[in-house]
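Chemist: Provided herewith: input.csv, CSV, C-alpha atoms.
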chain,number,residue,atom,x,y,z
A,1,MET,CA,14.4,8.2,7.3
A,2,SER,CA,16.9,9.1,4.7
A,3,LEU,CA,18.1,6.7,2.0
A,4,SER,CA,21.1,4.6,2.9
A,5,ALA,CA,23.6,3.4,0.4
A,6,LYS,CA,21.9,0.0,0.6
A,7,ASP,CA,18.5,1.6,-0.2
A,8,LYS,CA,19.9,3.4,-3.2
A,9,ALA,CA,21.5,0.2,-4.5
A,10,ALA,CA,18.2,-1.7,-4.0
A,11,VAL,CA,16.2,1.0,-5.8
A,12,ARG,CA,18.7,1.2,-8.8
A,13,ASP,CA,18.7,-2.6,-8.9
A,14,LEU,CA,14.9,-2.9,-9.0
A,15,TRP,CA,14.6,0.0,-11.4
A,16,SER,CA,16.9,-1.7,-13.9
A,17,LYS,CA,14.6,-4.7,-13.8
A,18,VAL,CA,11.3,-2.9,-14.2
A,19,SER,CA,12.1,0.3,-16.2
A,20,GLY,CA,11.5,-1.5,-19.5
A,21,LYS,CA,7.8,-1.6,-18.5
A,22,ALA,CA,7.7,1.9,-17.1
A,23,ASP,CA,4.8,2.9,-19.4
A,24,ASP,CA,2.7,0.0,-18.3
A,25,ILE,CA,3.5,0.6,-14.7
A,26,GLY,CA,2.5,4.2,-14.9
A,27,ASN,CA,-0.7,3.4,-16.7
A,28,ASP,CA,-1.7,0.7,-14.2
A,29,ALA,CA,-0.8,2.7,-11.1
A,30,LEU,CA,-2.7,5.8,-12.3
A,31,SER,CA,-5.7,3.7,-13.3
A,32,ARG,CA,-5.8,2.1,-9.9
A,33,MET,CA,-5.4,5.4,-8.2
A,34,LEU,CA,-8.4,6.8,-10.0
A,35,VAL,CA,-10.6,3.8,-9.3
A,36,VAL,CA,-9.5,3.0,-5.7
A,37,TYR,CA,-9.3,6.6,-4.5
A,38,PRO,CA,-12.0,8.4,-6.5
A,39,GLN,CA,-11.2,11.8,-4.9
A,40,THR,CA,-8.1,11.9,-7.0
A,41,LYS,CA,-10.3,12.3,-10.1
A,42,THR,CA,-10.9,15.9,-9.1
A,43,TYR,CA,-7.5,16.8,-10.6
A,44,PHE,CA,-8.4,15.5,-14.0
A,45,SER,CA,-11.8,17.0,-14.7
A,46,HIS,CA,-10.3,18.3,-18.0
A,47,TRP,CA,-9.9,14.7,-19.3
A,48,LYS,CA,-12.5,13.2,-21.6
A,49,ASP,CA,-12.0,9.6,-20.3
A,50,LEU,CA,-10.9,8.7,-16.8
A,51,SER,CA,-11.4,4.9,-17.1
A,52,PRO,CA,-8.5,2.5,-16.6
A,53,GLY,CA,-6.2,2.3,-19.6
A,54,SER,CA,-7.8,5.2,-21.5
A,55,ALA,CA,-5.7,7.4,-23.7
A,56,PRO,CA,-5.2,10.3,-21.3
A,57,VAL,CA,-4.5,8.0,-18.5
A,58,ARG,CA,-1.9,6.1,-20.5
A,59,LYS,CA,-0.2,9.3,-21.6
A,60,HIS,CA,-0.1,10.7,-18.2
A,61,GLY,CA,1.1,7.5,-16.6
A,62,LYS,CA,4.1,7.8,-19.0
A,63,THR,CA,4.7,11.3,-17.9
A,64,VAL,CA,4.6,10.4,-14.2
A,65,MET,CA,7.0,7.5,-14.7
A,66,GLY,CA,9.4,9.8,-16.6
A,67,GLY,CA,9.5,11.8,-13.4
A,68,VAL,CA,10.3,8.6,-11.4
A,69,ALA,CA,13.1,7.7,-13.8
A,70,GLU,CA,14.5,11.2,-13.4
A,71,ALA,CA,14.4,10.8,-9.6
A,72,VAL,CA,16.2,7.5,-9.8
A,73,SER,CA,19.0,9.1,-11.7
A,74,LYS,CA,19.1,12.0,-9.2
A,75,ILE,CA,18.7,9.7,-6.1
A,76,ASP,CA,21.8,11.2,-4.4
A,77,ASP,CA,20.2,14.6,-4.2
A,78,LEU,CA,16.4,14.5,-4.8
A,79,THR,CA,15.7,17.9,-3.4
A,80,SER,CA,17.8,19.9,-5.7
A,81,GLY,CA,17.5,17.4,-8.6
A,82,LEU,CA,13.7,17.8,-8.6
A,83,LEU,CA,13.4,21.5,-8.0
A,84,ASN,CA,11.7,22.2,-11.4
A,85,LEU,CA,9.2,19.4,-10.8
A,86,SER,CA,8.6,20.8,-7.3
A,87,GLU,CA,7.9,24.2,-8.6
A,88,LEU,CA,5.5,22.8,-11.2
A,89,HIS,CA,3.5,20.9,-8.6
A,90,ALA,CA,3.6,23.7,-6.1
A,91,PHE,CA,2.7,26.7,-8.2
A,92,GLN,CA,0.9,25.3,-11.2
A,93,LEU,CA,-0.6,21.9,-10.4
A,94,ARG,CA,-1.1,22.5,-6.7
A,95,VAL,CA,-1.7,18.8,-6.0
A,96,ASP,CA,-2.3,18.3,-2.3
A,97,PRO,CA,0.8,16.4,-1.2
A,98,ALA,CA,-1.3,13.8,0.6
A,99,ASN,CA,-2.0,12.4,-2.9
A,100,PHE,CA,1.7,11.6,-3.4
A,101,LYS,CA,1.3,8.9,-0.8
A,102,ILE,CA,-1.7,7.5,-2.6
A,103,LEU,CA,0.0,7.3,-5.9
A,104,SER,CA,3.1,5.8,-4.3
A,105,HIS,CA,1.0,3.0,-2.7
A,106,ASN,CA,-0.5,2.2,-6.1
A,107,ILE,CA,3.0,2.1,-7.7
A,108,LEU,CA,4.0,-0.4,-5.0
A,109,VAL,CA,0.9,-2.6,-5.7
A,110,VAL,CA,1.6,-2.6,-9.4
A,111,LEU,CA,5.3,-3.6,-8.9
A,112,ALA,CA,4.1,-6.4,-6.7
A,113,ALA,CA,1.5,-7.6,-9.3
A,114,MET,CA,3.9,-7.3,-12.3
A,115,PHE,CA,7.2,-8.4,-10.7
A,116,PRO,CA,6.3,-10.7,-7.8
A,117,ASP,CA,9.7,-12.4,-7.7
A,118,ASP,CA,11.7,-9.1,-8.0
A,119,PHE,CA,9.6,-7.1,-5.5
A,120,THR,CA,11.1,-8.8,-2.5
A,121,PRO,CA,10.6,-7.4,1.0
A,122,GLU,CA,14.0,-5.7,0.8
A,123,ALA,CA,13.1,-4.1,-2.5
A,124,HIS,CA,9.7,-3.1,-1.1
A,125,VAL,CA,11.1,-1.2,1.9
A,126,ALA,CA,13.8,0.5,-0.3
A,127,MET,CA,11.2,1.5,-2.9
A,128,ASP,CA,8.7,2.7,-0.2
A,129,LYS,CA,11.5,4.9,1.3
A,130,PHE,CA,12.5,6.2,-2.1
A,131,LEU,CA,9.0,7.2,-3.1
A,132,SER,CA,8.5,8.9,0.3
A,133,ALA,CA,11.7,10.8,-0.3
A,134,LEU,CA,10.6,11.7,-3.8
A,135,ALA,CA,7.3,13.0,-2.5
A,136,LEU,CA,9.1,15.1,0.1
A,137,ALA,CA,11.3,16.6,-2.6
A,138,LEU,CA,8.2,17.3,-4.8
A,139,ALA,CA,6.6,19.1,-1.9
A,140,GLU,CA,9.7,21.2,-1.2
A,141,LYS,CA,8.5,24.4,-2.9
A,142,TYR,CA,4.9,24.3,-1.6
A,143,ARG,CA,5.4,26.7,1.3
B,14,MET,CA,-24.4,0.1,8.0
B,15,VAL,CA,-21.9,-0.5,5.3
B,16,GLU,CA,-23.4,-1.0,1.8
B,17,TRP,CA,-21.7,-3.6,-0.3
B,18,THR,CA,-22.3,-4.2,-4.0
B,19,GLU,CA,-22.7,-7.7,-5.4
B,20,PHE,CA,-19.3,-7.2,-7.1
B,21,GLU,CA,-17.7,-6.3,-3.8
B,22,ARG,CA,-19.2,-9.2,-1.9
B,23,ALA,CA,-18.2,-11.7,-4.7
B,24,THR,CA,-14.7,-10.2,-4.9
B,25,ILE,CA,-14.1,-10.5,-1.1
B,26,GLN,CA,-15.4,-14.0,-1.0
B,27,ASP,CA,-13.3,-15.0,-4.0
B,28,ILE,CA,-10.1,-13.6,-2.5
B,29,PHE,CA,-10.6,-15.3,0.9
B,30,THR,CA,-11.8,-18.6,-0.5
B,31,ASN,CA,-8.8,-19.0,-2.7
B,32,MET,CA,-6.2,-17.6,-0.3
B,33,ASN,CA,-3.3,-19.6,0.9
B,34,TYR,CA,-3.4,-18.5,4.5
B,35,ASP,CA,0.1,-19.9,5.3
B,36,VAL,CA,1.8,-18.0,2.6
B,37,VAL,CA,-0.2,-14.8,2.6
B,38,GLY,CA,-0.2,-14.6,6.4
B,39,GLN,CA,3.5,-15.0,6.8
B,40,GLN,CA,4.3,-12.7,3.9
B,41,SER,CA,2.1,-9.9,5.0
B,42,LEU,CA,3.2,-9.8,8.6
B,43,ALA,CA,6.9,-10.3,7.6
B,44,ARG,CA,6.6,-7.4,5.1
B,45,CYS,CA,5.0,-5.2,7.7
B,46,LEU,CA,7.9,-5.8,10.2
B,47,ILE,CA,10.5,-5.3,7.4
B,48,VAL,CA,9.0,-2.3,5.6
B,49,TYR,CA,7.8,-0.5,8.8
B,50,PRO,CA,10.3,-1.7,11.4
B,51,TRP,CA,8.8,0.3,14.2
B,52,THR,CA,5.9,-2.2,14.2
B,53,GLN,CA,8.4,-4.7,15.7
B,54,ARG,CA,7.7,-3.0,19.0
B,55,TYR,CA,4.7,-5.3,19.5
B,56,PHE,CA,6.7,-8.5,19.0
B,57,GLY,CA,9.4,-8.4,21.6
B,58,LYS,CA,8.8,-12.1,22.4
B,59,PHE,CA,9.2,-13.3,18.8
B,60,GLY,CA,13.0,-13.8,19.0
B,61,ASN,CA,15.2,-13.0,16.1
B,62,LEU,CA,13.8,-10.1,14.1
B,63,TYR,CA,17.2,-8.6,13.4
B,64,ASN,CA,17.1,-8.4,9.6
B,65,ALA,CA,14.8,-9.2,6.7
B,66,ALA,CA,16.1,-12.8,6.3
B,67,ALA,CA,15.5,-13.5,10.0
B,68,ILE,CA,12.0,-12.1,9.9
B,69,MET,CA,11.1,-14.1,6.7
B,70,GLY,CA,12.3,-17.3,8.4
B,71,ASN,CA,10.9,-16.7,11.8
B,72,PRO,CA,8.3,-19.3,12.7
B,73,MET,CA,6.5,-17.2,15.2
B,74,VAL,CA,6.0,-14.5,12.6
B,75,ALA,CA,4.6,-17.1,10.2
B,76,ALA,CA,2.2,-18.5,12.8
B,77,HIS,CA,1.0,-15.1,13.9
B,78,GLY,CA,0.5,-13.9,10.3
B,79,LYS,CA,-2.0,-16.8,10.0
B,80,VAL,CA,-3.8,-15.7,13.2
B,81,VAL,CA,-4.3,-12.2,11.8
B,82,LEU,CA,-5.6,-13.5,8.5
B,83,ARG,CA,-8.1,-15.9,10.2
B,84,GLY,CA,-9.3,-12.8,12.0
B,85,LEU,CA,-9.9,-11.0,8.7
B,86,GLU,CA,-11.6,-14.1,7.4
B,87,LYS,CA,-14.1,-13.7,10.3
B,88,ALA,CA,-14.9,-10.3,9.0
B,89,ALA,CA,-15.2,-11.6,5.4
B,90,LYS,CA,-17.7,-14.2,6.6
B,91,ASN,CA,-19.8,-11.5,8.4
B,92,MET,CA,-19.6,-8.6,6.0
B,93,ASP,CA,-22.9,-7.2,7.1
B,94,ASN,CA,-21.9,-7.1,10.8
B,95,ILE,CA,-18.2,-6.5,11.0
B,96,LYS,CA,-18.6,-4.0,13.8
B,97,ALA,CA,-20.2,-6.4,16.2
B,98,THR,CA,-18.0,-9.3,15.0
B,99,TYR,CA,-14.9,-7.3,16.0
B,100,ALA,CA,-16.1,-5.8,19.3
B,101,ASP,CA,-14.1,-8.2,21.4
B,102,LEU,CA,-11.0,-8.0,19.1
B,103,SER,CA,-11.1,-4.3,19.3
B,104,VAL,CA,-11.1,-4.3,23.1
B,105,LEU,CA,-8.2,-6.9,23.0
B,106,HIS,CA,-6.1,-4.7,20.7
B,107,SER,CA,-6.7,-1.6,22.8
B,108,GLU,CA,-6.8,-2.7,26.4
B,109,LYS,CA,-4.5,-5.7,26.3
B,110,LEU,CA,-2.2,-5.4,23.3
B,111,HIS,CA,-2.0,-1.6,23.3
B,112,VAL,CA,-1.5,-1.4,19.6
B,113,ASP,CA,-1.4,2.0,18.0
B,114,PRO,CA,-4.3,1.8,15.6
B,115,ASP,CA,-2.3,3.5,12.8
B,116,ASN,CA,-0.5,0.2,12.5
B,117,PHE,CA,-3.6,-1.5,11.2
B,118,ARG,CA,-3.3,0.6,8.1
B,119,LEU,CA,0.3,-0.3,7.6
B,120,LEU,CA,-0.4,-4.1,7.9
B,121,GLY,CA,-3.4,-3.6,5.6
B,122,ASP,CA,-1.2,-2.0,2.9
B,123,CYS,CA,1.3,-4.9,3.1
B,124,LEU,CA,-1.5,-7.4,2.8
B,125,THR,CA,-2.7,-5.5,-0.3
B,126,VAL,CA,0.8,-5.7,-1.8
B,127,VAL,CA,1.0,-9.5,-1.0
B,128,VAL,CA,-2.4,-10.2,-2.5
B,129,ALA,CA,-1.4,-8.3,-5.6
B,130,ALA,CA,1.7,-10.4,-5.9
B,131,GLN,CA,-0.4,-13.6,-5.6
B,132,LEU,CA,-3.1,-12.6,-8.1
B,133,GLY,CA,-1.2,-10.5,-10.6
B,134,ALA,CA,-3.4,-9.0,-13.3
B,135,ALA,CA,-6.4,-10.8,-11.8
B,136,PHE,CA,-6.2,-8.2,-9.0
B,137,THR,CA,-7.9,-5.6,-11.2
B,138,PRO,CA,-8.3,-1.9,-10.1
B,139,GLU,CA,-11.9,-2.7,-9.3
B,140,ALA,CA,-10.9,-5.8,-7.2
B,141,GLN,CA,-8.3,-3.7,-5.4
B,142,ALA,CA,-11.0,-1.0,-4.6
B,143,ALA,CA,-13.2,-3.7,-3.1
B,144,PHE,CA,-10.4,-5.2,-1.1
B,145,GLN,CA,-9.2,-1.9,0.2
B,146,LYS,CA,-12.8,-0.9,1.1
B,147,PHE,CA,-13.1,-4.2,3.1
B,148,LEU,CA,-9.8,-3.6,4.9
B,149,ALA,CA,-10.9,0.0,5.7
B,150,VAL,CA,-14.1,-1.3,7.3
B,151,ALA,CA,-12.3,-4.0,9.2
B,152,ILE,CA,-9.8,-1.4,10.5
B,153,SER,CA,-12.5,1.0,11.4
B,154,SER,CA,-14.3,-1.7,13.4
B,155,LEU,CA,-11.0,-2.6,15.1
B,156,ARG,CA,-10.6,1.0,16.2
B,157,ARG,CA,-14.0,1.4,17.6
B,158,GLN,CA,-13.4,0.3,21.2
B,159,TYR,CA,-10.3,2.5,21.6
B,160,HIS,CA,-10.8,5.3,24.1
Could the structure of this file be written out as structure tokens, please?
Modeler:
Amino acid sequence: MSLSAKDKAAVRDLWSKVSGKADDIGNDALSRMLVVYPQTKTYFSHWKDLSPGSAPVRKHGKTVMGGVAEAVSKIDDLTSGLLNLSELHAFQLRVDPANFKILSHNILVVLAAMFPDDFTPEAHVAMDKFLSALALALAEKYR
Amino acid sequence: MVEWTEFERATIQDIFTNMNYDVVGQQSLARCLIVYPWTQRYFGKFGNLYNAAAIMGNPMVAAHGKVVLRGLEKAAKNMDNIKATYADLSVLHSEKLHVDPDNFRLLGDCLTVVVAAQLGAAFTPEAQAAFQKFLAVAISSLRRQYH
């Protein structure tokens, strides 16, 4: 299920419309993940405050969306483009890759809530494919 | 027995009472067929599903989306007994329709996205948690009679 030229164009197009709110998107998606899928909180036991919109959540949402932005810019070769991030997640963070799907779902929910007119079915399928490809590239170095 | 908090009950009732079944039904099923095209396998008799525009404009998709939502409404009206409420529907999906139950989750995710688009910020993380818990219970009950 690799990204077609049409998919990449749709992702770039949507990203140009939403990237201005990347920080808010990251904050909202992460907040939702921690509330809707409480098992994900296990990765953040070192944070003082895990509630939606808290300072550590905001900061980390920004970090995550920075990664997404980087992926958009490297959409033509995610695997090699995200090698460093893959090594980080594989050897240091050791996040179970099943959680990538969970965060991706919440990013899609936030895009729908914040940009209902731009998040058309065509944009939805392209973004879903892109986030899946991103997750795969992130899991590249795991084993 | 599923335990529901007052907040969860109120949230589910609120969402279904204020739902536009025509819009949400059509949009959820259409998105499912567009985002997860392999789900089209169950709709061979629905005519033109050739591309996103065709799916979005297809009247059979719109009608069936509404049928699915009315089915979920039934669960929303019987939150303390979804398992029994869905016994016949479960047999139907397994024995007659032969739907791979993994597809229920896909449709559920699309429904969540559509509800989020409808409600915007009002679809808070807590509301999303309640809604997704409700969908998980409905899906689990729908899977029960598969063997």
Chemist: Just give me the gap between CA of Gly53 in chain A and CA of Gln131 in chain B in Å, one decimal is fine.
Modeler: 22.0 Å
Chemist: One number please: CA of Ala129 in chain B to CA of Ala113 in chain A, in Å, one decimal.
Modeler: 4.8 Å
Chemist: Of the candidates A:Lys129, A:Arg32, A:Lys101, A:Lys74, which shows the shortest atom-to-atom distance to chain B, using all atoms listed in the file?
Modeler: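 Smallest separation from chain B among the options: A:Arg32.
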Chemist: Suppose you want the space between CA of Ser41 in chain B and CA of Ile95 in chain B; what is it in Å?
Modeler: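 Here the two named atoms are 21.4 Å from each other.
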Chemist: Please list as a VMD selection string every residue within 12 Å of His160 in chain B, counting all atoms listed in the file and excluding residues in the same chain fewer than 2 positions away.
Modeler: chain B and resid 103 to 104 106 to 108 111 113 to 114 155 to 158
Chemist: Output the contact residues of chain A with respect to chain B at a cut-off of 6 Å, based on only C-alpha atoms, as a VMD selection string.
Modeler: chain A and resid 32 36 109 112 to 113 116 121 125
Chemist: Using all atoms listed in the file, which of the listed residues (A:Asn106, A:Ser132, A:Asn99, A:Ser54) sits closest to Ala71 in chain A?
Modeler: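 Under the stated criterion, the closest residue is A:Ser132.
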Chemist: Can I get the residues of range 37-93 of chain A within 7 Å of range 4-25 of chain A, each with the closest pair of atoms and their distance in Å to one decimal, using all atoms listed in the file, sorted chain first then ascending number, as a Markdown table?
Modeler:
| residue | atom | partner | partner_atom | distance |
| --- | --- | --- | --- | --- |
| A:Gly61 | CA | A:Asp23 | CA | 6.5 |
| A:Lys62 | CA | A:Asp23 | CA | 5.0 |
| A:Met65 | CA | A:Ala22 | CA | 6.1 |
| A:Val72 | CA | A:Arg12 | CA | 6.9 |
Chemist: Find the residues around Thr98 in chain B up to 9 Å (all atoms listed in the file counted), leave out those fewer than 6 positions away in its own chain, and share them as a list in words.
Modeler: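 Near neighbours after the sequence-gap exclusion: Lys87, Ala88, Asn91 and Ser154 of chain B.
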Chemist: Would you mind telling me which residue in A:Leu30, A:Ala133, A:Val64, A:Leu108 lies nearest to Leu85 in chain A when using all atoms listed in the file?
Modeler: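 The shortest atom-to-atom distance to Leu85 in chain A comes from A:Val64.
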Chemist: Compare B:Gly70, B:Ser153, B:Tyr63, B:Arg54 by their minimum atom-to-atom distance to Leu102 in chain B, counting all atoms listed in the file, and give me the closest one.
Modeler: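 Closest to Leu102 in chain B of all the choices is B:Ser153.
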